[in-house]
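Student: I have a structure I would like to understand better, so I am pasting it below and will then ask my questions one at a time.
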Amino acid sequence: MELPISFPHHPPNGTHYEIDAIKRNIDAIFVCYDRQFDYNLGKPVRCIWGFYDRKAQCYYAPLSATKRGNKVDLRNTTAYSAMPLLKLALDSAQEDQPAPIIDSSTQETMTATALRQDFSDFCAQRDAQNTIQLNVVKWTWMLCDALRDAAPDGYDYIFESGNKYHKVIMLDTSGHRSVHCFIDKKTGEVYKSASFKAPAKGVRYDLRIIEQREWLMEHADWAGGYLYRR
């Protein structure tokens, strides 16, 4: 299947887009890594970008690889994800929360109001958590791109996701694999690697902080010198 004509992005270096029809009028758009790996049994390494409604001709942010979230403005998306930037999503979550309804006529009404407000707060919190995790995936892709651009010819960078961390892996000219860094999937905190399976203690950077994220994307060196304590 081909991308919709309205789709504005070009795939990041070393990737392409794939389309899966998941419902009658809904397509899932994936960012796929071009390189093949034996450990993945020949299957493409890919990450959900978002969803497209062919009938309504509009795009949606992802909640997962099979479940769509809110409708999005293409101007707020990137080549990596349809999920808006974290600050936009949090602002939206706060603005969309209904104002508390205060009715002192009965204790039952006050209790129901409190429960509705608690549920609204819970939904906003879960939306914010989902947004952070999707943004962390996008930022990890961006870091791999930045490292690839800075590396000598023949070196490549990918990431694999475990239970707690995204593991950024460097592949040298002989195909040898080494862990460049670990990124916490829930928080975006970046750690230097202590071994292939575990990070070193101490957070080096926090990708949620705009200044740190922008500095990291600009100054990350392929050999990992920037990961030593500052």
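Letters A, B, ... mark the chains of the structure tokens in the order given; residue numbers begin at 1 per chain; ligand numbers begin at 1, in order shown.
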Show which residues sit within 12 Å of Glu214 (chain A), as a PyMOL selection string. Count only C-alpha atoms, and ignore same-chain residues fewer than 5 positions away.
Tutor: chain A and resi 139+142-143+146+205-209+219-220
Student: If you count only C-alpha atoms, which residues fall within 6 Å of region 190-200 of chain A, apart from same-chain ones fewer than 3 positions away, as a PyMOL selection string?
Tutor: chain A and resi 179+181-183+203-205+227
Student: Compile the contact shell of Trp49 (chain A) as a ChimeraX atom specification: residues with an atom at most 12 Å away, counting only C-alpha atoms, same-chain residues fewer than 3 positions apart removed.
Tutor: /A:7,9,11,16-20,27-32,46,52,59-69,77-84,134-135,137-138,141
Student: Okay, now the selection with N, CA and C atoms, as a compact mmCIF listing (two decimals), in the first residue's frame?
Tutor:
# COMPACT_ATOMS: atom_id res chain seq x y z
N PHE A 7 0.42 12.85 3.10
CA PHE A 7 1.46 12.58 4.09
C PHE A 7 2.67 13.47 3.81
N HIS A 9 5.85 13.79 5.28
CA HIS A 9 7.21 13.51 5.72
C HIS A 9 7.96 12.58 4.77
N PRO A 11 10.98 9.58 4.92
CA PRO A 11 11.51 8.69 5.96
C PRO A 11 12.90 9.12 6.40
N HIS A 16 12.22 3.30 6.00
CA HIS A 16 11.14 3.51 5.04
C HIS A 16 9.82 3.33 5.78
N TYR A 17 8.75 3.73 5.15
CA TYR A 17 7.42 3.59 5.76
C TYR A 17 6.71 2.37 5.19
N GLU A 18 5.93 1.72 6.04
CA GLU A 18 5.07 0.61 5.61
C GLU A 18 3.65 0.87 6.10
N ILE A 19 2.67 0.39 5.34
CA ILE A 19 1.27 0.59 5.67
C ILE A 19 0.60 -0.75 5.89
N ASP A 20 -0.11 -0.90 7.01
CA ASP A 20 -0.92 -2.08 7.28
C ASP A 20 -2.37 -1.65 7.43
N ASP A 27 -5.70 2.69 8.38
CA ASP A 27 -4.37 2.17 8.07
C ASP A 27 -3.40 2.53 9.19
N ALA A 28 -2.53 1.59 9.54
CA ALA A 28 -1.44 1.86 10.48
C ALA A 28 -0.18 2.15 9.66
N ILE A 29 0.52 3.23 10.02
CA ILE A 29 1.73 3.64 9.33
C ILE A 29 2.92 3.35 10.25
N PHE A 30 3.90 2.60 9.73
CA PHE A 30 5.06 2.20 10.52
C PHE A 30 6.34 2.80 9.94
N VAL A 31 7.28 3.17 10.84
CA VAL A 31 8.63 3.52 10.44
C VAL A 31 9.47 2.24 10.54
N CYS A 32 10.05 1.80 9.42
CA CYS A 32 10.76 0.52 9.37
C CYS A 32 12.24 0.74 9.10
N ARG A 46 10.53 -2.33 13.26
CA ARG A 46 9.69 -1.19 12.95
C ARG A 46 8.99 -0.64 14.19
N TYR A 52 -4.08 6.45 9.82
CA TYR A 52 -4.74 7.28 8.82
C TYR A 52 -6.13 6.72 8.55
N TYR A 59 -5.48 12.07 10.24
CA TYR A 59 -4.44 11.28 10.90
C TYR A 59 -4.67 11.26 12.42
N TYR A 60 -4.18 10.19 13.05
CA TYR A 60 -4.34 10.02 14.49
C TYR A 60 -3.01 9.61 15.12
N ALA A 61 -2.77 10.09 16.32
CA ALA A 61 -1.60 9.66 17.09
C ALA A 61 -1.81 8.22 17.57
N PRO A 62 -0.73 7.48 17.83
CA PRO A 62 -0.88 6.10 18.30
C PRO A 62 -0.91 6.01 19.82
N LEU A 63 -1.72 5.08 20.33
CA LEU A 63 -1.62 4.66 21.73
C LEU A 63 -0.82 3.36 21.82
N SER A 64 -0.89 2.58 20.76
CA SER A 64 -0.09 1.36 20.62
C SER A 64 -0.01 1.06 19.14
N ALA A 65 0.56 -0.09 18.78
CA ALA A 65 0.68 -0.44 17.37
C ALA A 65 -0.65 -0.80 16.74
N THR A 66 -1.68 -1.01 17.55
CA THR A 66 -2.99 -1.39 17.02
C THR A 66 -4.12 -0.47 17.46
N LYS A 67 -3.83 0.49 18.33
CA LYS A 67 -4.88 1.34 18.88
C LYS A 67 -4.55 2.80 18.64
N ARG A 68 -5.48 3.54 18.04
CA ARG A 68 -5.24 4.94 17.73
C ARG A 68 -5.67 5.84 18.89
N GLY A 69 -5.04 7.00 18.96
CA GLY A 69 -5.39 7.99 19.97
C GLY A 69 -6.15 9.14 19.36
N THR A 77 3.35 16.99 13.82
CA THR A 77 3.95 15.66 13.74
C THR A 77 5.36 15.76 13.16
N THR A 78 6.10 14.66 13.27
CA THR A 78 7.44 14.58 12.69
C THR A 78 7.55 13.31 11.86
N ALA A 79 8.69 13.14 11.20
CA ALA A 79 8.90 11.93 10.41
C ALA A 79 8.96 10.68 11.29
N TYR A 80 9.17 10.85 12.60
CA TYR A 80 9.32 9.71 13.50
C TYR A 80 7.99 9.27 14.11
N SER A 81 7.08 10.22 14.34
CA SER A 81 5.86 9.87 15.05
C SER A 81 4.79 10.93 14.85
N ALA A 82 3.53 10.48 14.88
CA ALA A 82 2.40 11.41 14.84
C ALA A 82 2.08 11.96 16.22
N MET A 83 2.77 11.45 17.24
CA MET A 83 2.52 11.93 18.60
C MET A 83 3.10 13.33 18.76
N PRO A 84 2.29 14.31 19.19
CA PRO A 84 2.82 15.67 19.39
C PRO A 84 3.92 15.69 20.43
N LEU A 134 5.95 7.36 24.11
CA LEU A 134 6.02 7.45 22.66
C LEU A 134 7.06 8.48 22.23
N ASN A 135 7.16 9.58 22.97
CA ASN A 135 8.18 10.57 22.67
C ASN A 135 9.58 10.00 22.88
N VAL A 137 10.53 6.95 22.38
CA VAL A 137 10.84 6.17 21.18
C VAL A 137 11.30 7.10 20.05
N LYS A 138 10.59 8.18 19.86
CA LYS A 138 10.95 9.14 18.80
C LYS A 138 12.33 9.74 19.05
N TRP A 141 15.08 7.24 18.22
CA TRP A 141 15.32 7.22 16.78
C TRP A 141 16.21 8.40 16.38
Student: By how many Å are CA of Thr131 (chain A) and CA of His166 (chain A) apart?
Tutor: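 Spanning CA of Thr131 (chain A) to CA of His166 (chain A) is a straight-line distance of 16.1 Å.
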Student: Figure out the distance between CA of Ser6 (chain A) and CA of Asp145 (chain A), please, to one decimal in Å.
Tutor: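 Rounded to one decimal, the two atoms are 24.9 Å apart.
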Student: Apply DSSP to the backbone of this structure and, from region 141-230 of chain A, keep only the residues in strand (DSSP E or B); write these as a list in words.
Tutor: Asp156, Tyr157, Ile158, Phe159, Glu160, Ser161, Tyr165, His166, Lys167, Val168, Ile169, Met170, Leu171, Arg177, Ser178, Val179, His180, Cys181, Phe182, Ile183, Asp184, Glu189, Val190, Tyr191, Lys192, Ser193, Pro199, Tyr205 and Asp206 of chain A
Student: Since we have the selection now, will you write its residues out, keeping N, CA and C atoms, as a PDB file, in the first residue's frame?
Tutor:
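The resulting file, part_39.pdb, is reproduced below:
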ATOM      1  N   ASP A 156      27.033   1.838  12.122  1.00  0.00           N
ATOM      2  CA  ASP A 156      25.589   2.040  12.129  1.00  0.00           C
ATOM      3  C   ASP A 156      25.074   1.976  13.565  1.00  0.00           C
ATOM      4  N   TYR A 157      23.861   2.516  13.775  1.00  0.00           N
ATOM      5  CA  TYR A 157      23.259   2.539  15.109  1.00  0.00           C
ATOM      6  C   TYR A 157      21.796   2.147  15.002  1.00  0.00           C
ATOM      7  N   ILE A 158      21.391   1.236  15.866  1.00  0.00           N
ATOM      8  CA  ILE A 158      19.996   0.821  15.967  1.00  0.00           C
ATOM      9  C   ILE A 158      19.639   0.802  17.448  1.00  0.00           C
ATOM     10  N   PHE A 159      18.377   0.521  17.765  1.00  0.00           N
ATOM     11  CA  PHE A 159      18.053   0.300  19.181  1.00  0.00           C
ATOM     12  C   PHE A 159      17.101  -0.881  19.306  1.00  0.00           C
ATOM     13  N   GLU A 160      17.244  -1.577  20.432  1.00  0.00           N
ATOM     14  CA  GLU A 160      16.376  -2.689  20.784  1.00  0.00           C
ATOM     15  C   GLU A 160      15.693  -2.354  22.102  1.00  0.00           C
ATOM     16  N   SER A 161      14.440  -2.758  22.239  1.00  0.00           N
ATOM     17  CA  SER A 161      13.668  -2.422  23.433  1.00  0.00           C
ATOM     18  C   SER A 161      13.531  -3.628  24.347  1.00  0.00           C
ATOM     19  N   TYR A 165      14.471  -0.646  29.326  1.00  0.00           N
ATOM     20  CA  TYR A 165      15.316   0.292  28.582  1.00  0.00           C
ATOM     21  C   TYR A 165      15.225   0.070  27.069  1.00  0.00           C
ATOM     22  N   HIS A 166      15.433   1.162  26.316  1.00  0.00           N
ATOM     23  CA  HIS A 166      15.820   1.071  24.921  1.00  0.00           C
ATOM     24  C   HIS A 166      17.347   0.982  24.901  1.00  0.00           C
ATOM     25  N   LYS A 167      17.872  -0.034  24.250  1.00  0.00           N
ATOM     26  CA  LYS A 167      19.310  -0.246  24.198  1.00  0.00           C
ATOM     27  C   LYS A 167      19.830   0.226  22.840  1.00  0.00           C
ATOM     28  N   VAL A 168      20.604   1.336  22.822  1.00  0.00           N
ATOM     29  CA  VAL A 168      21.178   1.854  21.582  1.00  0.00           C
ATOM     30  C   VAL A 168      22.452   1.066  21.284  1.00  0.00           C
ATOM     31  N   ILE A 169      22.491   0.439  20.115  1.00  0.00           N
ATOM     32  CA  ILE A 169      23.575  -0.488  19.762  1.00  0.00           C
ATOM     33  C   ILE A 169      24.378   0.053  18.581  1.00  0.00           C
ATOM     34  N   MET A 170      25.710  -0.007  18.706  1.00  0.00           N
ATOM     35  CA  MET A 170      26.599   0.378  17.618  1.00  0.00           C
ATOM     36  C   MET A 170      27.064  -0.870  16.877  1.00  0.00           C
ATOM     37  N   LEU A 171      26.986  -0.835  15.544  1.00  0.00           N
ATOM     38  CA  LEU A 171      27.475  -1.915  14.696  1.00  0.00           C
ATOM     39  C   LEU A 171      28.668  -1.388  13.920  1.00  0.00           C
ATOM     40  N   ARG A 177      28.725  -5.976  17.526  1.00  0.00           N
ATOM     41  CA  ARG A 177      27.703  -5.191  18.222  1.00  0.00           C
ATOM     42  C   ARG A 177      28.190  -4.800  19.605  1.00  0.00           C
ATOM     43  N   SER A 178      28.028  -3.521  19.952  1.00  0.00           N
ATOM     44  CA  SER A 178      28.328  -3.056  21.307  1.00  0.00           C
ATOM     45  C   SER A 178      27.259  -2.053  21.719  1.00  0.00           C
ATOM     46  N   VAL A 179      26.984  -2.011  23.017  1.00  0.00           N
ATOM     47  CA  VAL A 179      25.941  -1.113  23.505  1.00  0.00           C
ATOM     48  C   VAL A 179      26.515   0.285  23.684  1.00  0.00           C
ATOM     49  N   HIS A 180      25.908   1.247  23.021  1.00  0.00           N
ATOM     50  CA  HIS A 180      26.355   2.634  23.111  1.00  0.00           C
ATOM     51  C   HIS A 180      25.805   3.299  24.376  1.00  0.00           C
ATOM     52  N   CYS A 181      24.523   3.106  24.635  1.00  0.00           N
ATOM     53  CA  CYS A 181      23.917   3.686  25.842  1.00  0.00           C
ATOM     54  C   CYS A 181      22.584   3.007  26.095  1.00  0.00           C
ATOM     55  N   PHE A 182      22.005   3.284  27.268  1.00  0.00           N
ATOM     56  CA  PHE A 182      20.670   2.816  27.631  1.00  0.00           C
ATOM     57  C   PHE A 182      19.767   4.031  27.846  1.00  0.00           C
ATOM     58  N   ILE A 183      18.501   3.917  27.442  1.00  0.00           N
ATOM     59  CA  ILE A 183      17.530   4.996  27.635  1.00  0.00           C
ATOM     60  C   ILE A 183      16.301   4.405  28.320  1.00  0.00           C
ATOM     61  N   ASP A 184      15.945   4.979  29.458  1.00  0.00           N
ATOM     62  CA  ASP A 184      14.779   4.502  30.208  1.00  0.00           C
ATOM     63  C   ASP A 184      13.517   4.726  29.379  1.00  0.00           C
ATOM     64  N   GLU A 189      15.468   9.047  30.495  1.00  0.00           N
ATOM     65  CA  GLU A 189      16.775   9.269  31.108  1.00  0.00           C
ATOM     66  C   GLU A 189      17.828   8.407  30.403  1.00  0.00           C
ATOM     67  N   VAL A 190      18.983   9.014  30.114  1.00  0.00           N
ATOM     68  CA  VAL A 190      20.043   8.360  29.345  1.00  0.00           C
ATOM     69  C   VAL A 190      21.155   7.914  30.288  1.00  0.00           C
ATOM     70  N   TYR A 191      21.602   6.670  30.119  1.00  0.00           N
ATOM     71  CA  TYR A 191      22.659   6.103  30.945  1.00  0.00           C
ATOM     72  C   TYR A 191      23.811   5.607  30.061  1.00  0.00           C
ATOM     73  N   LYS A 192      25.019   5.736  30.562  1.00  0.00           N
ATOM     74  CA  LYS A 192      26.173   5.086  29.949  1.00  0.00           C
ATOM     75  C   LYS A 192      26.048   3.583  30.175  1.00  0.00           C
ATOM     76  N   SER A 193      26.558   2.779  29.264  1.00  0.00           N
ATOM     77  CA  SER A 193      26.476   1.325  29.430  1.00  0.00           C
ATOM     78  C   SER A 193      27.600   0.819  30.340  1.00  0.00           C
ATOM     79  N   PRO A 199      22.990  -0.843  32.383  1.00  0.00           N
ATOM     80  CA  PRO A 199      23.574   0.495  32.356  1.00  0.00           C
ATOM     81  C   PRO A 199      24.434   0.757  33.580  1.00  0.00           C
ATOM     82  N   TYR A 205      21.791  12.195  31.006  1.00  0.00           N
ATOM     83  CA  TYR A 205      20.940  13.221  30.398  1.00  0.00           C
ATOM     84  C   TYR A 205      19.481  12.825  30.603  1.00  0.00           C
ATOM     85  N   ASP A 206      18.609  13.808  30.510  1.00  0.00           N
ATOM     86  CA  ASP A 206      17.163  13.584  30.582  1.00  0.00           C
ATOM     87  C   ASP A 206      16.553  14.146  29.306  1.00  0.00           C
TER      88      ASP A 206
END
Student: Tell me which protein, DNA and RNA residues are within 10 Å of Cys58 (chain A), counting only C-alpha atoms, leaving out same-chain ones fewer than 3 positions away, and put them as a PyMOL selection string.
Tutor: chain A and resi 4+6-7+26+51-55+71-74
Student: How far is it from CA of Lys201 (chain A) to CA of Glu218 (chain A), in Å with one decimal?
Tutor: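 Calculated distance between CA of Lys201 (chain A) and CA of Glu218 (chain A) is 24.0 Å.
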